[in-house]
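All remarks here apply to the structure that follows.
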Amino acid sequence: MREARNLILISCLCLPIQLWAQASKPAVKALENQLGENSFFSKHLTGFMLYDLDEQQTVYEKNSELYFAPASTTKLFTYYAALVTLGDSSKRLRYLPKGKDVIIWGTGDPSWKYKPVPDIDMKRFFANYEDIYFSDSNWDDTPYGYGWQWDDYYYSYAAERSPLPIYGNLATITNLQRSPSLSPPLFANALAITTKAIKDVERDFRSNRFYYNPNTYVYRGRDTKVPFATSTETFAQLASQELNKKVIPTKEKLPENHFILKGIPLDSLYQEMLHESDNFLAEHLLLMVADELMLKLNAEEAIDFVTKNYLTDLKDEPIWLDGSGLSRYNLFTPRSMVSIAEKIYQIVPDTTLFRLLPQGGRTGTLKNAYRAPTPYIFAKTGTISNNHSLVGYIKTKKGKLYAFAFMNNNYPYKARQVINEMEKVLLYVRDNF
């Protein structure tokens, strides 16, 4: 009698799961048809994974174990690294008063005079000091990440990395019809005329010499940006002009006992990085992780620490080289991307997470895609030549929330065409899962 009751109880407990599985089979089959042999996605390498966050199980996967070039979806790894190592606010710099003077060390904080994010009044902080000594002794990295494309150097999305950035490590070009001007003032006289047929202001690869052609220059009607070449000396000159105080380079080591100047709420950095896919912020968030862990600014060591201490449960070892995804050597699998999405979801409340991520049809890099009366996609995009990926979360009409990774590599057509086809798939998921 007891065995019979137990059998009935087990059957009742299993029934909802069985019914759910049966109800999903037609939807899964239709999803397979949209991604299968005769679909648009059969003509290039595509990986897709759909994961039920409530049930903690994979609903559908295709090539989820294969490695893909992730582009800017790499920023989700950087975001996670920051979440598990940094607090609520940034550390603007480390410092040690020396009588009337002060020695400062950078932490990688990127916010000083970088307009997209909040700032603090650095003039007020330095008001009580006469001379400022800036040390780069804790800097153990390079201006460019491993695997970056060298000829991106004069595009604003490839601003250099440095221990204590200022102005986003970008010079501003004010467009005055055929006669552009450069700021900050340090670069005002660094702009020369060239006969090279270029439409914009460009910079020498190895120096802060800028040039333009007045005969081919295109008036944009707005300010634009171009990276300047960073160095300790250049920073000291820029900071001196900004603060109206002498900033002197030094090599003094960071002592164990020192002070920290608190910065800004990290959510403001996260939102700008994720919404606008800001490479500069991503790279410096990773350097901030290194500063927090090792008191040394080295992105590779930060990645190694986070991988060995927080990502050992990933089924596929990430090939992770930088913070932004500019590196062509980054490689992640869709199921690793879904794992990161799940880890982030376990840390960050829904309302905060969906505010920080781009929303389909509403904000950031998804403003013009996945439009719907009620947003259903909250995700990070990643695009480089012939590669486009989307990783994040999808809300369905049944009230379910799934993590997903949709990765496309080596397609021979425009990204817009791929996005349009991806939207058809994700709409189907929204309406049927």
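Residues are referred to by chain and number: the chain letter is A, B, ... according to the order shown in the structure tokens, the number counts from 1 in that chain, and ligands are numbered separately from 1 in the order shown.
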
Discussion item. Please identify the strand (DSSP E) residues within stretch 1-147 of chain A (assignment by DSSP from backbone atoms) and present them as a ChimeraX atom specification.
Written reply: /A:45-52,57-62,89-98,101-106,132-135

Go ahead and save the picked residues with N, CA, C and O atoms, as a compact mmCIF listing (two decimals), in the first residue's frame.
# COMPACT_ATOMS: atom_id res chain seq x y z
N LEU A 45 29.36 30.32 -39.59
CA LEU A 45 29.46 29.68 -38.27
C LEU A 45 28.55 30.38 -37.27
O LEU A 45 28.71 31.58 -37.01
N THR A 46 27.60 29.62 -36.74
CA THR A 46 26.64 30.17 -35.77
C THR A 46 26.60 29.28 -34.53
O THR A 46 26.57 28.05 -34.63
N GLY A 47 26.60 29.92 -33.38
CA GLY A 47 26.40 29.22 -32.12
C GLY A 47 25.26 29.85 -31.35
O GLY A 47 25.13 31.08 -31.33
N PHE A 48 24.43 29.02 -30.75
CA PHE A 48 23.28 29.55 -30.02
C PHE A 48 23.03 28.68 -28.79
O PHE A 48 23.13 27.45 -28.86
N MET A 49 22.71 29.33 -27.68
CA MET A 49 22.35 28.59 -26.48
C MET A 49 21.27 29.36 -25.74
O MET A 49 21.35 30.59 -25.59
N LEU A 50 20.24 28.64 -25.30
CA LEU A 50 19.12 29.20 -24.54
C LEU A 50 19.04 28.46 -23.22
O LEU A 50 18.92 27.23 -23.19
N TYR A 51 19.09 29.22 -22.13
CA TYR A 51 19.21 28.63 -20.79
C TYR A 51 18.14 29.19 -19.87
O TYR A 51 18.00 30.40 -19.71
N ASP A 52 17.35 28.29 -19.28
CA ASP A 52 16.29 28.65 -18.35
C ASP A 52 16.89 28.99 -16.99
O ASP A 52 17.43 28.11 -16.30
N GLN A 57 18.58 25.00 -16.41
CA GLN A 57 18.85 23.97 -17.39
C GLN A 57 18.83 24.54 -18.80
O GLN A 57 18.16 25.53 -19.08
N THR A 58 19.59 23.90 -19.67
CA THR A 58 19.66 24.32 -21.07
C THR A 58 18.42 23.84 -21.80
O THR A 58 18.06 22.67 -21.74
N VAL A 59 17.77 24.74 -22.51
CA VAL A 59 16.57 24.42 -23.28
C VAL A 59 16.93 24.05 -24.72
O VAL A 59 16.33 23.16 -25.32
N TYR A 60 17.93 24.76 -25.25
CA TYR A 60 18.33 24.49 -26.64
C TYR A 60 19.78 24.95 -26.82
O TYR A 60 20.20 25.96 -26.24
N GLU A 61 20.52 24.22 -27.62
CA GLU A 61 21.88 24.64 -27.94
C GLU A 61 22.27 24.16 -29.33
O GLU A 61 21.83 23.10 -29.79
N LYS A 62 23.07 24.96 -29.97
CA LYS A 62 23.62 24.62 -31.29
C LYS A 62 25.06 25.15 -31.32
O LYS A 62 25.29 26.36 -31.15
N SER A 89 32.31 51.91 -5.37
CA SER A 89 32.87 53.12 -5.95
C SER A 89 34.30 52.88 -6.41
O SER A 89 34.99 51.97 -5.92
N SER A 90 34.73 53.70 -7.34
CA SER A 90 36.10 53.57 -7.84
C SER A 90 37.09 54.20 -6.86
O SER A 90 36.72 54.99 -5.99
N LYS A 91 38.34 53.84 -7.02
CA LYS A 91 39.45 54.51 -6.34
C LYS A 91 40.09 55.42 -7.38
O LYS A 91 40.69 54.95 -8.34
N ARG A 92 39.97 56.73 -7.20
CA ARG A 92 40.46 57.66 -8.21
C ARG A 92 41.98 57.59 -8.33
O ARG A 92 42.53 57.52 -9.42
N LEU A 93 42.66 57.61 -7.20
CA LEU A 93 44.13 57.50 -7.22
C LEU A 93 44.62 57.13 -5.83
O LEU A 93 43.88 57.20 -4.85
N ARG A 94 45.86 56.74 -5.76
CA ARG A 94 46.56 56.49 -4.49
C ARG A 94 47.54 57.63 -4.28
O ARG A 94 48.14 58.12 -5.25
N TYR A 95 47.72 58.07 -3.03
CA TYR A 95 48.57 59.25 -2.83
C TYR A 95 49.26 59.22 -1.46
O TYR A 95 48.83 58.51 -0.54
N LEU A 96 50.30 60.02 -1.38
CA LEU A 96 51.06 60.14 -0.15
C LEU A 96 51.53 61.58 -0.01
O LEU A 96 52.33 62.06 -0.81
N PRO A 97 51.01 62.34 0.99
CA PRO A 97 51.47 63.71 1.20
C PRO A 97 52.94 63.73 1.63
O PRO A 97 53.40 62.85 2.36
N LYS A 98 53.66 64.72 1.13
CA LYS A 98 55.06 64.93 1.50
C LYS A 98 55.23 66.41 1.84
O LYS A 98 55.66 67.21 1.01
N ASP A 101 53.89 69.08 -0.58
CA ASP A 101 53.72 68.41 -1.87
C ASP A 101 52.98 67.09 -1.69
O ASP A 101 52.67 66.66 -0.57
N VAL A 102 52.71 66.40 -2.80
CA VAL A 102 52.02 65.12 -2.76
C VAL A 102 52.51 64.25 -3.90
O VAL A 102 52.79 64.74 -5.00
N ILE A 103 52.63 62.95 -3.64
CA ILE A 103 52.96 61.97 -4.68
C ILE A 103 51.69 61.18 -4.99
O ILE A 103 50.98 60.75 -4.07
N ILE A 104 51.42 60.99 -6.27
CA ILE A 104 50.22 60.24 -6.66
C ILE A 104 50.58 59.07 -7.57
O ILE A 104 51.57 59.12 -8.31
N TRP A 105 49.74 58.02 -7.49
CA TRP A 105 49.86 56.85 -8.36
C TRP A 105 48.48 56.57 -8.97
O TRP A 105 47.45 56.66 -8.27
N GLY A 106 48.44 56.21 -10.22
CA GLY A 106 47.17 55.90 -10.86
C GLY A 106 46.64 54.54 -10.46
O GLY A 106 47.41 53.64 -10.09
N ILE A 132 53.01 68.54 -7.39
CA ILE A 132 52.43 67.20 -7.46
C ILE A 132 53.42 66.30 -8.18
O ILE A 132 53.85 66.61 -9.31
N TYR A 133 53.77 65.20 -7.56
CA TYR A 133 54.67 64.24 -8.19
C TYR A 133 53.86 63.03 -8.65
O TYR A 133 53.12 62.44 -7.85
N PHE A 134 53.97 62.70 -9.91
CA PHE A 134 53.21 61.57 -10.46
C PHE A 134 54.17 60.42 -10.77
O PHE A 134 55.11 60.57 -11.54
N SER A 135 53.89 59.27 -10.15
CA SER A 135 54.72 58.08 -10.36
C SER A 135 53.96 57.03 -11.16
O SER A 135 52.80 56.73 -10.87

Discussion item. Just list as a ChimeraX atom specification whatever in stretch 92-294 of chain A DSSP marks as helix (DSSP H, G or I).
Written reply: /A:122-126,150-152,156-158,167-169,185-187,232-243,266-276,279-294

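Counting from atom CA of A:Asp322, the distance to atom CA of A:Pro70 is 11.5 Å.
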
Response to the item:
Nearest to A:Ala69, restricted to only C-alpha atoms and choosing among A:Lys225, A:His275, A:His258, A:His388, comes out as A:His388

Mind checking which residues fall within 9 Å of stretch 126-130 of chain A, counting only C-alpha atoms, ignoring those fewer than 3 positions away in the same chain, and posting them as a PDB file with N, CA and C atoms, in the first residue's frame?
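Output saved as part-v9.pdb:
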ATOM      1  N   PRO A  97      51.012  62.336   0.992  1.00  0.00           N
ATOM      2  CA  PRO A  97      51.474  63.711   1.203  1.00  0.00           C
ATOM      3  C   PRO A  97      52.935  63.730   1.628  1.00  0.00           C
ATOM      4  N   GLY A  99      54.840  66.762   3.065  1.00  0.00           N
ATOM      5  CA  GLY A  99      54.881  68.159   3.450  1.00  0.00           C
ATOM      6  C   GLY A  99      53.874  68.956   2.638  1.00  0.00           C
ATOM      7  N   LYS A 100      54.364  69.963   1.919  1.00  0.00           N
ATOM      8  CA  LYS A 100      53.488  70.796   1.098  1.00  0.00           C
ATOM      9  C   LYS A 100      53.198  70.158  -0.265  1.00  0.00           C
ATOM     10  N   ASP A 101      53.886  69.079  -0.581  1.00  0.00           N
ATOM     11  CA  ASP A 101      53.718  68.405  -1.871  1.00  0.00           C
ATOM     12  C   ASP A 101      52.977  67.090  -1.692  1.00  0.00           C
ATOM     13  N   VAL A 102      52.709  66.404  -2.804  1.00  0.00           N
ATOM     14  CA  VAL A 102      52.019  65.118  -2.755  1.00  0.00           C
ATOM     15  C   VAL A 102      52.512  64.246  -3.902  1.00  0.00           C
ATOM     16  N   MET A 122      38.991  67.590  -9.072  1.00  0.00           N
ATOM     17  CA  MET A 122      40.389  67.306  -8.753  1.00  0.00           C
ATOM     18  C   MET A 122      41.135  68.570  -8.313  1.00  0.00           C
ATOM     19  N   LYS A 123      40.719  69.726  -8.828  1.00  0.00           N
ATOM     20  CA  LYS A 123      41.369  70.975  -8.406  1.00  0.00           C
ATOM     21  C   LYS A 123      41.169  71.191  -6.905  1.00  0.00           C
ATOM     22  N   LEU A 243      45.333  71.658 -13.844  1.00  0.00           N
ATOM     23  CA  LEU A 243      45.306  72.005 -12.427  1.00  0.00           C
ATOM     24  C   LEU A 243      45.949  73.350 -12.123  1.00  0.00           C
ATOM     25  N   LYS A 245      49.027  73.750 -11.726  1.00  0.00           N
ATOM     26  CA  LYS A 245      50.071  73.403 -10.764  1.00  0.00           C
ATOM     27  C   LYS A 245      51.135  72.581 -11.473  1.00  0.00           C
ATOM     28  N   LYS A 246      52.317  72.579 -10.920  1.00  0.00           N
ATOM     29  CA  LYS A 246      53.391  71.791 -11.514  1.00  0.00           C
ATOM     30  C   LYS A 246      53.194  70.313 -11.182  1.00  0.00           C
TER      31      LYS A 246
END

Within 12 Å of A:Asp140 using only C-alpha atoms, minus same-chain residues under 2 positions, as a PDB file with N, CA and C atoms, in the first residue's frame:
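Resulting contents of out_32.pdb:
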ATOM      1  N   GLY A 106      48.436  56.213 -10.225  1.00  0.00           N
ATOM      2  CA  GLY A 106      47.167  55.904 -10.864  1.00  0.00           C
ATOM      3  C   GLY A 106      46.641  54.543 -10.464  1.00  0.00           C
ATOM      4  N   THR A 107      45.327  54.383 -10.554  1.00  0.00           N
ATOM      5  CA  THR A 107      44.669  53.104 -10.278  1.00  0.00           C
ATOM      6  C   THR A 107      44.002  52.533 -11.525  1.00  0.00           C
ATOM      7  N   GLY A 108      44.141  53.249 -12.639  1.00  0.00           N
ATOM      8  CA  GLY A 108      43.418  52.880 -13.843  1.00  0.00           C
ATOM      9  C   GLY A 108      42.071  53.578 -13.969  1.00  0.00           C
ATOM     10  N   ASP A 136      54.635  56.460 -12.149  1.00  0.00           N
ATOM     11  CA  ASP A 136      54.058  55.349 -12.914  1.00  0.00           C
ATOM     12  C   ASP A 136      54.728  54.021 -12.554  1.00  0.00           C
ATOM     13  N   SER A 137      55.310  53.955 -11.350  1.00  0.00           N
ATOM     14  CA  SER A 137      56.053  52.754 -10.954  1.00  0.00           C
ATOM     15  C   SER A 137      55.158  51.526 -10.823  1.00  0.00           C
ATOM     16  N   ASN A 138      53.851  51.716 -10.668  1.00  0.00           N
ATOM     17  CA  ASN A 138      52.924  50.583 -10.565  1.00  0.00           C
ATOM     18  C   ASN A 138      52.340  50.191 -11.923  1.00  0.00           C
ATOM     19  N   THR A 142      50.979  47.875 -21.395  1.00  0.00           N
ATOM     20  CA  THR A 142      51.268  48.598 -22.627  1.00  0.00           C
ATOM     21  C   THR A 142      50.049  49.440 -23.026  1.00  0.00           C
ATOM     22  N   PRO A 143      50.260  50.497 -23.813  1.00  0.00           N
ATOM     23  CA  PRO A 143      49.116  51.326 -24.224  1.00  0.00           C
ATOM     24  C   PRO A 143      48.083  50.568 -25.055  1.00  0.00           C
ATOM     25  N   ARG A 161      45.566  52.794 -23.298  1.00  0.00           N
ATOM     26  CA  ARG A 161      45.484  52.508 -21.865  1.00  0.00           C
ATOM     27  C   ARG A 161      46.620  53.248 -21.149  1.00  0.00           C
ATOM     28  N   SER A 162      46.353  53.687 -19.925  1.00  0.00           N
ATOM     29  CA  SER A 162      47.390  54.372 -19.145  1.00  0.00           C
ATOM     30  C   SER A 162      47.025  54.283 -17.667  1.00  0.00           C
ATOM     31  N   PRO A 163      47.993  54.556 -16.775  1.00  0.00           N
ATOM     32  CA  PRO A 163      47.712  54.384 -15.342  1.00  0.00           C
ATOM     33  C   PRO A 163      46.730  55.393 -14.769  1.00  0.00           C
ATOM     34  N   LEU A 287      42.002  47.233 -15.621  1.00  0.00           N
ATOM     35  CA  LEU A 287      43.189  47.713 -14.906  1.00  0.00           C
ATOM     36  C   LEU A 287      42.855  48.035 -13.451  1.00  0.00           C
ATOM     37  N   ALA A 290      43.070  44.910 -11.583  1.00  0.00           N
ATOM     38  CA  ALA A 290      44.472  44.591 -11.300  1.00  0.00           C
ATOM     39  C   ALA A 290      44.989  45.412 -10.127  1.00  0.00           C
ATOM     40  N   ASP A 291      44.659  46.692 -10.109  1.00  0.00           N
ATOM     41  CA  ASP A 291      45.084  47.557  -9.007  1.00  0.00           C
ATOM     42  C   ASP A 291      44.539  47.045  -7.674  1.00  0.00           C
ATOM     43  N   MET A 294      46.373  43.489  -6.950  1.00  0.00           N
ATOM     44  CA  MET A 294      47.822  43.356  -6.894  1.00  0.00           C
ATOM     45  C   MET A 294      48.576  44.652  -6.652  1.00  0.00           C
ATOM     46  N   LEU A 295      47.856  45.772  -6.546  1.00  0.00           N
ATOM     47  CA  LEU A 295      48.491  47.086  -6.469  1.00  0.00           C
ATOM     48  C   LEU A 295      49.446  47.297  -7.640  1.00  0.00           C
ATOM     49  N   LYS A 296      49.107  46.694  -8.750  1.00  0.00           N
ATOM     50  CA  LYS A 296      49.917  46.795  -9.966  1.00  0.00           C
ATOM     51  C   LYS A 296      48.966  46.791 -11.146  1.00  0.00           C
ATOM     52  N   LEU A 297      49.250  47.581 -12.164  1.00  0.00           N
ATOM     53  CA  LEU A 297      48.360  47.716 -13.298  1.00  0.00           C
ATOM     54  C   LEU A 297      48.826  46.819 -14.438  1.00  0.00           C
ATOM     55  N   ASN A 298      48.239  45.628 -14.486  1.00  0.00           N
ATOM     56  CA  ASN A 298      48.590  44.663 -15.523  1.00  0.00           C
ATOM     57  C   ASN A 298      47.338  43.852 -15.846  1.00  0.00           C
ATOM     58  N   ALA A 299      46.785  44.049 -17.045  1.00  0.00           N
ATOM     59  CA  ALA A 299      45.516  43.414 -17.428  1.00  0.00           C
ATOM     60  C   ALA A 299      45.650  41.905 -17.507  1.00  0.00           C
ATOM     61  N   GLU A 300      46.758  41.418 -18.029  1.00  0.00           N
ATOM     62  CA  GLU A 300      46.939  39.972 -18.184  1.00  0.00           C
ATOM     63  C   GLU A 300      46.891  39.266 -16.831  1.00  0.00           C
ATOM     64  N   GLU A 301      47.535  39.853 -15.828  1.00  0.00           N
ATOM     65  CA  GLU A 301      47.542  39.229 -14.507  1.00  0.00           C
ATOM     66  C   GLU A 301      46.158  39.294 -13.856  1.00  0.00           C
ATOM     67  N   ALA A 302      45.426  40.356 -14.113  1.00  0.00           N
ATOM     68  CA  ALA A 302      44.051  40.450 -13.594  1.00  0.00           C
ATOM     69  C   ALA A 302      43.184  39.353 -14.198  1.00  0.00           C
TER      70      ALA A 302
END
